[in-house]
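Structure file protein05.cif with mmCIF, C-alpha atoms:
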data_coords
loop_
_atom_site.label_atom_id
_atom_site.label_comp_id
_atom_site.auth_asym_id
_atom_site.auth_seq_id
_atom_site.Cartn_x
_atom_site.Cartn_y
_atom_site.Cartn_z
CA MET F 1 106.66 127.23 76.51
CA THR F 2 107.61 130.78 75.58
CA ASP F 3 109.45 131.67 72.39
CA ARG F 4 112.18 134.29 71.94
CA ASN F 5 109.53 136.95 71.23
CA GLY F 6 107.67 136.29 74.48
CA HIS F 7 104.81 134.50 72.73
CA THR F 8 103.41 131.62 74.82
CA ARG F 9 103.06 128.41 72.87
CA GLY F 10 101.19 125.33 73.98
CA TYR F 11 103.14 122.44 72.54
CA ALA F 12 106.14 123.53 70.47
CA ILE F 13 108.52 126.33 69.69
CA PRO F 14 109.26 126.37 65.95
CA GLU F 15 112.75 126.54 64.55
CA GLY F 16 114.22 130.01 64.74
CA LEU F 17 112.09 130.98 67.75
CA LEU F 18 113.87 129.12 70.55
CA GLY F 19 115.35 131.60 73.04
CA ASP F 20 119.13 132.08 73.24
CA LYS F 21 119.27 130.82 76.85
CA TRP F 22 117.62 127.55 75.76
CA ILE F 23 119.96 127.14 72.81
CA ALA F 24 122.90 127.62 75.19
CA HIS F 25 121.32 125.08 77.57
CA LEU F 26 120.90 122.62 74.69
CA HIS F 27 124.57 123.01 73.70
CA ARG F 28 125.75 122.58 77.32
CA ASP F 29 123.71 119.41 77.72
CA ALA F 30 124.95 118.09 74.38
CA GLU F 31 128.53 118.74 75.46
CA THR F 32 128.16 116.89 78.76
CA LEU F 33 125.67 114.14 77.88
CA LEU F 34 126.03 113.12 74.25
CA PRO F 35 128.65 111.13 72.38
CA LEU F 36 130.54 113.09 69.74
CA PRO F 37 128.45 112.15 66.65
CA PHE F 38 125.20 113.23 68.32
CA ARG F 39 126.82 116.33 69.78
CA GLN F 40 127.97 117.29 66.28
CA VAL F 41 124.39 117.03 65.02
CA VAL F 42 123.18 119.33 67.81
CA GLU F 43 125.97 121.82 67.14
CA ALA F 44 125.28 121.77 63.38
CA THR F 45 121.58 122.57 63.88
CA ALA F 46 121.39 126.28 63.10
CA GLN F 47 117.81 126.77 64.30
CA PRO F 48 116.81 124.19 66.92
CA PHE F 49 113.20 123.83 67.98
CA ALA F 50 111.48 122.42 71.05
CA GLN F 51 108.47 120.18 71.35
CA ALA F 52 106.71 119.16 74.55
CA ILE F 53 106.51 115.47 75.26
CA ARG F 54 103.18 114.59 76.78
CA ASP F 55 101.67 111.39 78.05
CA LEU F 56 98.15 110.34 77.11
CA ALA F 57 96.21 107.13 77.45
CA SER F 58 92.43 107.36 77.22
CA ASP F 59 90.16 105.41 79.54
CA HIS F 60 87.70 104.98 76.69
CA MET F 61 88.17 104.74 72.95
CA VAL F 62 84.54 104.22 71.95
CA VAL F 63 81.47 106.39 72.26
CA GLY F 64 78.44 104.98 70.49
CA ARG F 65 79.61 103.96 67.02
CA VAL F 66 82.67 106.22 67.05
CA ALA F 67 86.11 104.83 67.86
CA ILE F 68 89.42 106.65 68.19
CA ILE F 69 92.64 104.85 67.38
CA GLY F 70 96.36 105.55 67.24
CA ASP F 71 97.68 108.76 68.79
CA ALA F 72 94.14 110.08 69.11
CA ALA F 73 93.61 107.50 71.86
CA ALA F 74 97.06 107.10 73.41
CA ILE F 75 100.33 108.91 72.84
CA PRO F 76 103.33 106.95 74.03
CA ARG F 77 106.60 108.81 74.49
CA PRO F 78 109.11 108.59 71.68
CA HIS F 79 111.26 106.25 73.83
CA THR F 80 108.85 103.40 73.10
CA ALA F 81 109.14 103.69 69.31
CA ALA F 82 105.61 102.29 69.34
CA SER F 83 103.27 104.95 68.01
CA THR F 84 102.94 103.58 64.47
CA SER F 85 102.76 99.93 65.52
CA LYS F 86 100.15 100.81 68.18
CA ALA F 87 97.98 102.52 65.57
CA ALA F 88 98.33 99.52 63.28
CA ALA F 89 97.49 97.13 66.13
CA ASN F 90 94.39 99.22 66.98
CA ALA F 91 93.24 99.17 63.34
CA LEU F 92 93.92 95.47 62.74
CA ALA F 93 92.16 94.43 65.94
CA LEU F 94 89.21 96.65 65.05
CA ALA F 95 88.99 95.15 61.56
CA ASP F 96 89.02 91.64 63.07
CA GLU F 97 86.18 92.47 65.46
CA LEU F 98 84.11 94.12 62.75
CA GLN F 99 84.55 91.08 60.51
CA THR F 100 83.50 88.80 63.36
CA SER F 101 80.16 90.59 63.76
CA PRO F 102 79.56 92.92 60.81
CA ASP F 103 75.88 93.28 61.70
CA ASP F 104 76.50 94.25 65.32
CA ILE F 105 78.96 97.13 65.36
CA PRO F 106 78.31 98.12 69.00
CA ALA F 107 79.15 94.55 70.11
CA ALA F 108 82.32 94.55 67.99
CA LEU F 109 83.40 97.87 69.49
CA ALA F 110 82.63 96.66 73.02
CA ARG F 111 84.84 93.59 72.50
CA TRP F 112 87.61 95.62 70.85
CA GLU F 113 87.94 98.51 73.30
CA PRO F 114 89.19 96.91 76.57
CA ASP F 115 92.38 95.37 75.15
CA GLN F 116 93.19 98.53 73.22
CA VAL F 117 92.81 100.71 76.34
CA VAL F 118 95.14 98.34 78.20
CA LEU F 119 97.70 98.57 75.37
CA GLY F 120 97.64 102.38 75.42
CA LYS F 121 98.05 102.51 79.19
CA TYR F 122 100.87 99.96 79.10
CA LEU F 123 102.76 101.98 76.50
CA ARG F 124 102.21 105.20 78.46
CA GLN F 125 103.65 103.55 81.57
CA GLN F 126 106.56 101.98 79.66
CA GLY F 127 107.43 105.31 78.02
CA SER F 128 107.25 107.18 81.31
CA ARG F 129 109.50 104.66 83.06
CA THR F 130 111.99 104.62 80.22
CA GLY F 131 112.04 108.42 80.10
CA ASP F 132 112.63 108.61 83.85
CA TYR F 133 115.55 106.24 83.47
CA LEU F 134 117.08 108.01 80.47
CA LEU F 135 116.57 111.54 81.75
CA PHE F 136 116.92 111.17 85.51
CA ASN F 137 118.74 107.85 85.92
CA ARG F 138 115.80 106.46 87.90
CA PRO F 139 115.47 102.68 87.60
CA PRO F 140 112.51 101.98 85.27
CA PHE F 141 111.29 98.91 87.09
CA ALA F 142 111.40 97.81 90.70
CA ARG F 143 113.84 95.01 91.35
CA VAL F 144 112.43 91.77 92.67
CA GLY F 145 114.40 89.57 95.12
#
Once you've parsed the file, please lay out its structure as structure tokens.
Amino acid sequence: MTDRNGHTRGYAIPEGLLGDKWIAHLHRDAETLLPLPFRQVVEATAQPFAQAIRDLASDHMVVGRVAIIGDAAAIPRPHTAASTSKAAANALALADELQTSPDDIPAALARWEPDQVVLGKYLRQQGSRTGDYLLFNRPPFARVG
């Protein structure tokens, strides 16, 4: 991602620094793809910005007595609308496991981690499929029968 001044940015271009060609591209896409109310929002945005959408789902969320939860462990795409609920699910499940065996934290973490890794990977896959459908009109799931 390169801003209007030629500065390479890793994850986002702040408002006011998006290049003119990308602003024109944004307006063209809004004109052809969006219904009028959304198009009006795009057109009314004086200084649009850009942010990369990345997929992440960790294979492990625990090392020793350290656990990562929420977006630190898995970042689903915005299409899933699941980031906050995933973080809450991670935290609640962790609290349950720690209450079950408060004197054996490694055992609690070992029981907690597998389901949470599966959840993160599921949301990553769901977000990717939904994004492919919304952006490229690719069917999100294979049809059976």
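Between CA of Gly131 in chain F and CA of Pro114 in chain F there is a distance of 25.8 Å.
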List the residues matched by the PyMOL selection byres ((chain F and resi 2) around 12) in the displayed structure as an mmCIF file with C-alpha atoms, in the coordinates of the input, ordered by chain and then by residue number.
data_model
loop_
_atom_site.group_PDB
_atom_site.id
_atom_site.type_symbol
_atom_site.label_atom_id
_atom_site.label_comp_id
_atom_site.auth_asym_id
_atom_site.auth_seq_id
_atom_site.Cartn_x
_atom_site.Cartn_y
_atom_site.Cartn_z
ATOM 1 C CA MET F 1 106.660 127.230 76.510
ATOM 2 C CA ASP F 3 109.450 131.670 72.390
ATOM 3 C CA ARG F 4 112.180 134.290 71.940
ATOM 4 C CA ASN F 5 109.530 136.950 71.230
ATOM 5 C CA GLY F 6 107.670 136.290 74.480
ATOM 6 C CA HIS F 7 104.810 134.500 72.730
ATOM 7 C CA THR F 8 103.410 131.620 74.820
ATOM 8 C CA ARG F 9 103.060 128.410 72.870
ATOM 9 C CA GLY F 10 101.190 125.330 73.980
ATOM 10 C CA TYR F 11 103.140 122.440 72.540
ATOM 11 C CA ALA F 12 106.140 123.530 70.470
ATOM 12 C CA ILE F 13 108.520 126.330 69.690
ATOM 13 C CA PRO F 14 109.260 126.370 65.950
ATOM 14 C CA LEU F 17 112.090 130.980 67.750
ATOM 15 C CA LEU F 18 113.870 129.120 70.550
ATOM 16 C CA GLY F 19 115.350 131.600 73.040
ATOM 17 C CA ASP F 20 119.130 132.080 73.240
ATOM 18 C CA LYS F 21 119.270 130.820 76.850
ATOM 19 C CA TRP F 22 117.620 127.550 75.760
ATOM 20 C CA PHE F 49 113.200 123.830 67.980
ATOM 21 C CA ALA F 50 111.480 122.420 71.050
ATOM 22 C CA GLN F 51 108.470 120.180 71.350
ATOM 23 C CA ALA F 52 106.710 119.160 74.550
#
> Care to translate the PyMOL selection byres ((chain F and resi 80) around 12) into actual residues of this file, as a list in words?
Replying inline: Asp55, Ile75, Pro76, Arg77, Pro78, His79, Ala81, Ala82, Ser83, Thr84, Ser85, Lys86, Gly120, Tyr122, Leu123, Arg124, Gln125, Gln126, Gly127, Ser128, Arg129, Thr130, Gly131 and Leu134 of chain F
> What is the CA of Val118 in chain F-CA of Pro106 in chain F distance in Å, reported with one decimal?
Replying inline: 19.2 Å
>> Expand the PyMOL selection byres ((chain F and resi 72) around 10) into the explicit residue set it covers here, and present it as a list in words.
In response: Leu56, Ala57, Ser58, Met61, Ala67, Ile68, Ile69, Gly70, Asp71, Ala73, Ala74, Ile75 and Ala87 of chain F
Size and centre in Å, one decimal, axis-aligned box, all listed range 49-55 of chain F atoms plus 4 Å per side, as JSON:
{"center_x": 107.4, "center_y": 117.6, "center_z": 73.0, "size_x": 19.5, "size_y": 20.4, "size_z": 18.1}
> Could you work out how far CA of Leu119 in chain F lies from CA of Ser101 in chain F, giving the answer in Å with one decimal?
Replying inline: 22.5 Å
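Using only C-alpha atoms, the smallest distance between any of F:Asp59, F:Asp104, F:Asp132, F:Glu43 and His25 in chain F comes from F:Glu43.
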